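The block underneath contains the structure these notes are about, expressed in structure tokens.
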Amino acid sequence: MTKTEVKKAIQRGLGRGYLAVRDDPERYRDLVFWACGHNLAFDTQCEGARTWYVWQLVSCYEDKTPFRDVVVEKLRNKKPDWGWDIFCFSELLAWFAQDGDSEAERVLWEKYAEILARLRAFRRPCKRKWATRDCLESVSLALAWKEENYTRIAADLGSLFLENPSLTAWDFEWLYQSRPKGFNGRLRKKATGDPALKAWFASFDTLKREEEEQRLARQEASREKGQSVPAGGRFLSIYLKRKAPELAPQYAEVYLAEKDPEARATALEVFSVCPYPLDPSPVIADAGSEHPALRTAALEALAELRHPSVRRFAMEHLDEEPFWCLLIALKNYEPEDETLLTSRIARLNIDYTNTSGWHGVHLQLLRQFDRDSGIPKPPKYLLPILYETTLCSCCRENAVAIMSKRRMISDAMWEELRWDSYEEIRALAETHFRRQER
């Protein structure tokens, strides 16, 4: 593999990136430094920060200190914001700390104290305050692997609750839920003589009680209202598809009766999930409208509709509306489309900003393998392309699961899946190897 290929593999979290570094660490040292200084995840909230993967790269070297120093510099220079960098660099530094690196743990406490002081300084709610709160929780999560650390953090946050009633358990629920019950159980026993710890647990007890009251209130309201139908838009579309498809034609008639473009677009949003049930000619015509909202609503509806005339529209306008028409073409896939779709998907501009719409195309591709897709033989040859190119670990997991069911995974690929950045993919690989050993 070339260095460019290895960098792309590392960027995507592919196991082959790790295997390349493991087999020739000195050749790829600069790439591991690069990985330590970046949050590689496409969607950190869904797939995590991939720090386990980066730690495996670092573990290929006897001296880990230079790599730790890269992370330390990144964390020290990062100010609280709405991004995920502080979460990523804190979690990565925690791997060094758990490996016995006392300097890594010291820097985490340094960052923790800095952000805690920033949060204490806010006197009134504002966006910067809530961003600072989230960053404090991120560093706290990184430190909480050790019980004595968690105890200290819980006391600090309990004091914060006493000082500032606008901060409550709800603000740090992720931290609380991240610990095993034993952690909180043992700490609760210590709380009787410590006002700060008592405040920490009292706030969570209040939160739990309020959540239960809200759950019961929603149940009661639901019983009183009965089976309510959403007013419109995407929620109504989901309702029609899942629970009342027989009502779809009457909503289609509402759309057809509208003459005003804005109202017509709103009416057509009902078919953003539920397939349009009548002849699609009016929707195809609206896909060429000069009214932006109507054109988008029509294209979105066509992307849910499998019909010969819709397929013709997609093929004829693929260059004019490359994103939407590629979605529509995938929904209307036929075997003779192989060459065209392969070339179109292979040349998608895949980047972290998602401005090219590649992620939507990948999601649409995966949907072709749903039982209700209407496609007898989905384009399985596109799955390896998705696996190789996507930045999204969740999409890659879905592709791997489909490929596994269709016996498309080689022994070499199973081995690289053991070292994938995504935990669920590694679990699939381990399950495969356990079965092989039987």
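Lettering and numbering for the structure tokens are positional, with chains as A, B, ... in the shown order, residues counted from 1 in each chain, and ligands counted from 1 in the shown order.
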
Near range 164-178 of chain A, counting only C-alpha atoms, which residues have an atom at most 6 Å away, once you skip same-chain residues fewer than 2 positions from it, shown as a PDB file with C-alpha atoms, in the first residue's frame?
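Here's the written file selection-v4.pdb:
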```
ATOM      1  CA  LEU A 141     -15.797  11.251  31.092  1.00  0.00           C
ATOM      2  CA  LEU A 160     -21.572  23.459  41.317  1.00  0.00           C
ATOM      3  CA  PHE A 161     -25.245  22.471  41.651  1.00  0.00           C
ATOM      4  CA  LEU A 162     -25.369  24.108  45.085  1.00  0.00           C
ATOM      5  CA  SER A 203     -30.134  16.099  41.710  1.00  0.00           C
ATOM      6  CA  PHE A 204     -30.150  12.753  39.884  1.00  0.00           C
TER       7      PHE A 204
END
```

Range 283-372 of chain A residues near range 379-403 of chain A within 10 Å, closest pair each, using only C-alpha atoms, as JSON lines:
```
{"residue": "A:Leu330", "atom": "CA", "partner": "A:Pro379", "partner_atom": "CA", "distance": 8.8}
{"residue": "A:Tyr333", "atom": "CA", "partner": "A:Pro379", "partner_atom": "CA", "distance": 7.8}
{"residue": "A:Glu334", "atom": "CA", "partner": "A:Pro379", "partner_atom": "CA", "distance": 8.6}
{"residue": "A:Pro335", "atom": "CA", "partner": "A:Pro379", "partner_atom": "CA", "distance": 7.6}
{"residue": "A:Asp337", "atom": "CA", "partner": "A:Pro379", "partner_atom": "CA", "distance": 9.2}
{"residue": "A:Glu338", "atom": "CA", "partner": "A:Pro379", "partner_atom": "CA", "distance": 7.5}
{"residue": "A:Leu341", "atom": "CA", "partner": "A:Leu382", "partner_atom": "CA", "distance": 8.4}
{"residue": "A:Thr342", "atom": "CA", "partner": "A:Leu382", "partner_atom": "CA", "distance": 6.6}
{"residue": "A:Ile345", "atom": "CA", "partner": "A:Ile385", "partner_atom": "CA", "distance": 7.9}
{"residue": "A:Ala346", "atom": "CA", "partner": "A:Ile385", "partner_atom": "CA", "distance": 6.8}
{"residue": "A:Leu348", "atom": "CA", "partner": "A:Thr389", "partner_atom": "CA", "distance": 9.2}
{"residue": "A:Asn349", "atom": "CA", "partner": "A:Thr389", "partner_atom": "CA", "distance": 9.8}
{"residue": "A:Ile350", "atom": "CA", "partner": "A:Thr390", "partner_atom": "CA", "distance": 7.2}
{"residue": "A:Asp351", "atom": "CA", "partner": "A:Leu391", "partner_atom": "CA", "distance": 7.6}
{"residue": "A:Tyr352", "atom": "CA", "partner": "A:Leu391", "partner_atom": "CA", "distance": 7.5}
{"residue": "A:Asn354", "atom": "CA", "partner": "A:Leu391", "partner_atom": "CA", "distance": 9.9}
{"residue": "A:Trp358", "atom": "CA", "partner": "A:Thr390", "partner_atom": "CA", "distance": 8.4}
{"residue": "A:His359", "atom": "CA", "partner": "A:Thr390", "partner_atom": "CA", "distance": 7.7}
{"residue": "A:Val361", "atom": "CA", "partner": "A:Leu386", "partner_atom": "CA", "distance": 9.8}
{"residue": "A:His362", "atom": "CA", "partner": "A:Leu386", "partner_atom": "CA", "distance": 6.8}
{"residue": "A:Leu363", "atom": "CA", "partner": "A:Cys395", "partner_atom": "CA", "distance": 7.0}
{"residue": "A:Leu365", "atom": "CA", "partner": "A:Leu382", "partner_atom": "CA", "distance": 8.0}
{"residue": "A:Leu366", "atom": "CA", "partner": "A:Ala399", "partner_atom": "CA", "distance": 7.0}
{"residue": "A:Arg367", "atom": "CA", "partner": "A:Asn398", "partner_atom": "CA", "distance": 9.9}
{"residue": "A:Gln368", "atom": "CA", "partner": "A:Pro379", "partner_atom": "CA", "distance": 7.8}
{"residue": "A:Phe369", "atom": "CA", "partner": "A:Ile402", "partner_atom": "CA", "distance": 7.9}
```

Dump as CSV the rows for residues of range 200-246 of chain A within 12 Å of range 296-309 of chain A: closest atom pair and distance in Å with one decimal, only C-alpha atoms counted, ordered by chain and rising residue number.
```
residue,atom,partner,partner_atom,distance
A:Gly233,CA,A:Ala297,CA,10.5
A:Arg234,CA,A:Ala301,CA,11.0
A:Ser237,CA,A:Ala301,CA,10.4
A:Ile238,CA,A:Glu304,CA,12.0
A:Lys241,CA,A:Glu304,CA,11.1
```

Save out the residues we just selected, N, CA and C atoms, as an mmCIF file, in the first residue's frame.
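Output below, filename again32.cif:
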```cif
data_model
loop_
_atom_site.group_PDB
_atom_site.id
_atom_site.type_symbol
_atom_site.label_atom_id
_atom_site.label_comp_id
_atom_site.auth_asym_id
_atom_site.auth_seq_id
_atom_site.Cartn_x
_atom_site.Cartn_y
_atom_site.Cartn_z
ATOM 1 N N GLY A 233 -46.431 17.053 6.997
ATOM 2 C CA GLY A 233 -44.988 16.926 6.873
ATOM 3 C C GLY A 233 -44.477 15.508 7.018
ATOM 4 N N ARG A 234 -43.221 15.405 7.434
ATOM 5 C CA ARG A 234 -42.539 14.114 7.496
ATOM 6 C C ARG A 234 -43.182 13.154 8.492
ATOM 7 N N SER A 237 -46.072 11.640 6.948
ATOM 8 C CA SER A 237 -45.624 10.701 5.928
ATOM 9 C C SER A 237 -45.221 9.366 6.549
ATOM 10 N N ILE A 238 -44.512 9.419 7.674
ATOM 11 C CA ILE A 238 -44.122 8.192 8.382
ATOM 12 C C ILE A 238 -45.360 7.451 8.868
ATOM 13 N N LYS A 241 -47.122 5.663 5.962
ATOM 14 C CA LYS A 241 -46.402 4.496 5.471
ATOM 15 C C LYS A 241 -46.520 3.321 6.431
#
```

Would you mind telling me which residue in A:Arg50, A:Arg344, A:Lys190, A:Arg215 lies nearest to Leu318 in chain A when using only C-alpha atoms?
A:Arg344

Excluding same-chain residues fewer than 6 positions from range 19-22 of chain A, what lies within 10 Å of it counting only C-alpha atoms, as an mmCIF file with C-alpha atoms, in the first residue's frame?
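Written out: part-v8.cif:
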```
data_model
loop_
_atom_site.group_PDB
_atom_site.id
_atom_site.type_symbol
_atom_site.label_atom_id
_atom_site.label_comp_id
_atom_site.auth_asym_id
_atom_site.auth_seq_id
_atom_site.Cartn_x
_atom_site.Cartn_y
_atom_site.Cartn_z
ATOM 1 C CA MET A 1 0.000 0.000 0.000
ATOM 2 C CA THR A 2 1.189 3.520 -0.746
ATOM 3 C CA LYS A 3 1.271 6.117 2.021
ATOM 4 C CA VAL A 6 -2.741 4.042 4.128
ATOM 5 C CA ALA A 9 -7.586 3.869 5.264
ATOM 6 C CA ILE A 10 -6.713 5.507 8.596
ATOM 7 C CA TYR A 28 4.011 5.377 8.636
ATOM 8 C CA ARG A 29 5.089 7.243 11.778
ATOM 9 C CA LEU A 31 0.594 9.307 9.555
ATOM 10 C CA VAL A 32 0.138 8.255 13.188
ATOM 11 C CA GLN A 56 -3.912 0.823 18.446
ATOM 12 C CA LEU A 57 -1.829 2.807 15.954
ATOM 13 C CA VAL A 58 0.160 4.436 18.768
ATOM 14 C CA SER A 59 0.660 1.043 20.432
ATOM 15 C CA CYS A 60 2.723 -0.074 17.440
ATOM 16 C CA TYR A 61 5.582 2.049 18.885
ATOM 17 C CA GLU A 415 -8.921 -10.057 9.462
ATOM 18 C CA GLU A 416 -8.930 -6.333 8.751
ATOM 19 C CA TRP A 419 -9.121 -3.903 13.674
#
```

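For the pair CA of Thr4 in chain A and CA of Arg426 in chain A, the separation is 24.2 Å.
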
Find the spatial neighbours of Val107 in chain A, counting only C-alpha atoms, within a cut-off of 12 Å - ignore same-chain residues fewer than 4 positions away - and output them as a compact mmCIF listing (two decimals) with C-alpha atoms, in the first residue's frame.
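So result.txt came out as:
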```txt
# COMPACT_ATOMS: atom_id res chain seq x y z
CA ARG A 68 1.09 11.81 23.63
CA ASP A 69 2.70 15.22 23.27
CA VAL A 71 -2.51 15.12 21.83
CA VAL A 72 -1.48 17.23 24.84
CA GLU A 73 -0.77 20.24 22.63
CA LYS A 74 -4.10 19.85 20.83
CA LEU A 75 -6.06 19.60 24.06
CA ARG A 76 -4.29 22.49 25.78
CA ASN A 77 -4.86 24.84 22.84
CA PHE A 89 -8.50 14.56 22.54
CA SER A 90 -9.56 13.98 26.17
CA LEU A 93 -5.32 11.11 26.30
CA ALA A 94 -7.21 8.84 28.72
CA PHE A 96 -2.31 7.06 27.62
CA ALA A 97 -3.30 7.66 31.25
CA ASP A 101 1.29 7.76 31.72
CA SER A 102 0.95 10.10 34.73
CA GLU A 103 1.65 13.18 32.61
CA LYS A 111 -7.93 20.93 31.37
CA TYR A 112 -10.71 19.88 33.72
CA ALA A 113 -9.80 22.64 36.20
CA GLU A 114 -9.59 25.22 33.42
CA VAL A 139 -13.10 15.81 30.07
CA ALA A 142 -12.14 10.81 30.14
CA LEU A 143 -11.05 11.00 33.78
```

Calculate how many Å separate CA of Arg120 in chain A from CA of Lys208 in chain A, rounding to one decimal.
25.1 Å

For range 131-137 of chain A, please output as a list in words all residues within 7 Å (counting only C-alpha atoms; exclusion window: fewer than 3 positions along the same chain).
Pro80, Asp81, Trp82, Ile86, Phe87, Tyr112, Ile115, Leu116, Leu119, Lys127, Arg128, Ser140, Leu141, Phe172 and Leu175 of chain A

With N, CA and C atoms retained, export the selected residues as a PDB file, in the first residue's frame.
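What landed in out-v3.pdb:
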```pdb
ATOM      1  N   PRO A  80     -13.290  25.699  24.787  1.00  0.00           N
ATOM      2  CA  PRO A  80     -14.626  25.083  24.730  1.00  0.00           C
ATOM      3  C   PRO A  80     -15.468  25.631  23.588  1.00  0.00           C
ATOM      4  N   ASP A  81     -16.078  24.733  22.839  1.00  0.00           N
ATOM      5  CA  ASP A  81     -16.974  25.121  21.761  1.00  0.00           C
ATOM      6  C   ASP A  81     -17.998  24.012  21.568  1.00  0.00           C
ATOM      7  N   TRP A  82     -18.800  24.104  20.499  1.00  0.00           N
ATOM      8  CA  TRP A  82     -19.847  23.106  20.263  1.00  0.00           C
ATOM      9  C   TRP A  82     -19.327  21.885  19.508  1.00  0.00           C
ATOM     10  N   ILE A  86     -12.591  18.492  21.900  1.00  0.00           N
ATOM     11  CA  ILE A  86     -12.195  18.294  23.301  1.00  0.00           C
ATOM     12  C   ILE A  86     -12.574  16.898  23.768  1.00  0.00           C
ATOM     13  N   PHE A  87     -13.732  16.427  23.350  1.00  0.00           N
ATOM     14  CA  PHE A  87     -14.132  15.056  23.677  1.00  0.00           C
ATOM     15  C   PHE A  87     -13.114  14.058  23.119  1.00  0.00           C
ATOM     16  N   TYR A 112      -9.477  19.955  32.922  1.00  0.00           N
ATOM     17  CA  TYR A 112     -10.707  19.876  33.719  1.00  0.00           C
ATOM     18  C   TYR A 112     -10.849  21.121  34.606  1.00  0.00           C
ATOM     19  N   ILE A 115     -11.673  24.310  32.525  1.00  0.00           N
ATOM     20  CA  ILE A 115     -13.052  24.412  32.026  1.00  0.00           C
ATOM     21  C   ILE A 115     -14.033  24.578  33.179  1.00  0.00           C
ATOM     22  N   LEU A 116     -13.768  23.905  34.312  1.00  0.00           N
ATOM     23  CA  LEU A 116     -14.625  24.071  35.488  1.00  0.00           C
ATOM     24  C   LEU A 116     -14.628  25.526  35.948  1.00  0.00           C
ATOM     25  N   LEU A 119     -16.745  27.559  33.615  1.00  0.00           N
ATOM     26  CA  LEU A 119     -18.180  27.345  33.830  1.00  0.00           C
ATOM     27  C   LEU A 119     -18.655  28.076  35.078  1.00  0.00           C
ATOM     28  N   LYS A 127     -25.320  30.557  25.211  1.00  0.00           N
ATOM     29  CA  LYS A 127     -24.821  29.450  24.400  1.00  0.00           C
ATOM     30  C   LYS A 127     -23.414  29.035  24.808  1.00  0.00           C
ATOM     31  N   ARG A 128     -22.562  30.011  25.120  1.00  0.00           N
ATOM     32  CA  ARG A 128     -21.177  29.683  25.488  1.00  0.00           C
ATOM     33  C   ARG A 128     -21.141  28.884  26.793  1.00  0.00           C
ATOM     34  N   SER A 140     -14.524  15.158  31.926  1.00  0.00           N
ATOM     35  CA  SER A 140     -14.887  14.347  33.092  1.00  0.00           C
ATOM     36  C   SER A 140     -15.042  12.879  32.715  1.00  0.00           C
ATOM     37  N   LEU A 141     -15.648  12.628  31.576  1.00  0.00           N
ATOM     38  CA  LEU A 141     -15.797  11.251  31.092  1.00  0.00           C
ATOM     39  C   LEU A 141     -14.440  10.592  30.890  1.00  0.00           C
ATOM     40  N   PHE A 172     -25.373  16.657  33.228  1.00  0.00           N
ATOM     41  CA  PHE A 172     -24.267  15.704  33.303  1.00  0.00           C
ATOM     42  C   PHE A 172     -24.770  14.260  33.355  1.00  0.00           C
ATOM     43  N   LEU A 175     -22.417  11.550  31.916  1.00  0.00           N
ATOM     44  CA  LEU A 175     -21.350  11.166  32.838  1.00  0.00           C
ATOM     45  C   LEU A 175     -21.872  10.167  33.868  1.00  0.00           C
TER      46      LEU A 175
END
```

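Using only C-alpha atoms for every distance, the candidate list A:Glu47, A:Arg12, A:Thr353, A:Ser138 yields A:Glu47 as the residue closest to Glu424 in chain A.
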
Would you give me, as a PyMOL selection string, the residues in range 150-339 of chain A that DSSP reads as helix (DSSP H, G or I)?
chain A and resi 150-163+169-178+181-193+195-225+233-242+245-257+261-271+281-286+292-302+308-316+322-331+335-339

CA of Glu423 in chain A to CA of Thr51 in chain A, straight-line distance in Å:
11.0 Å
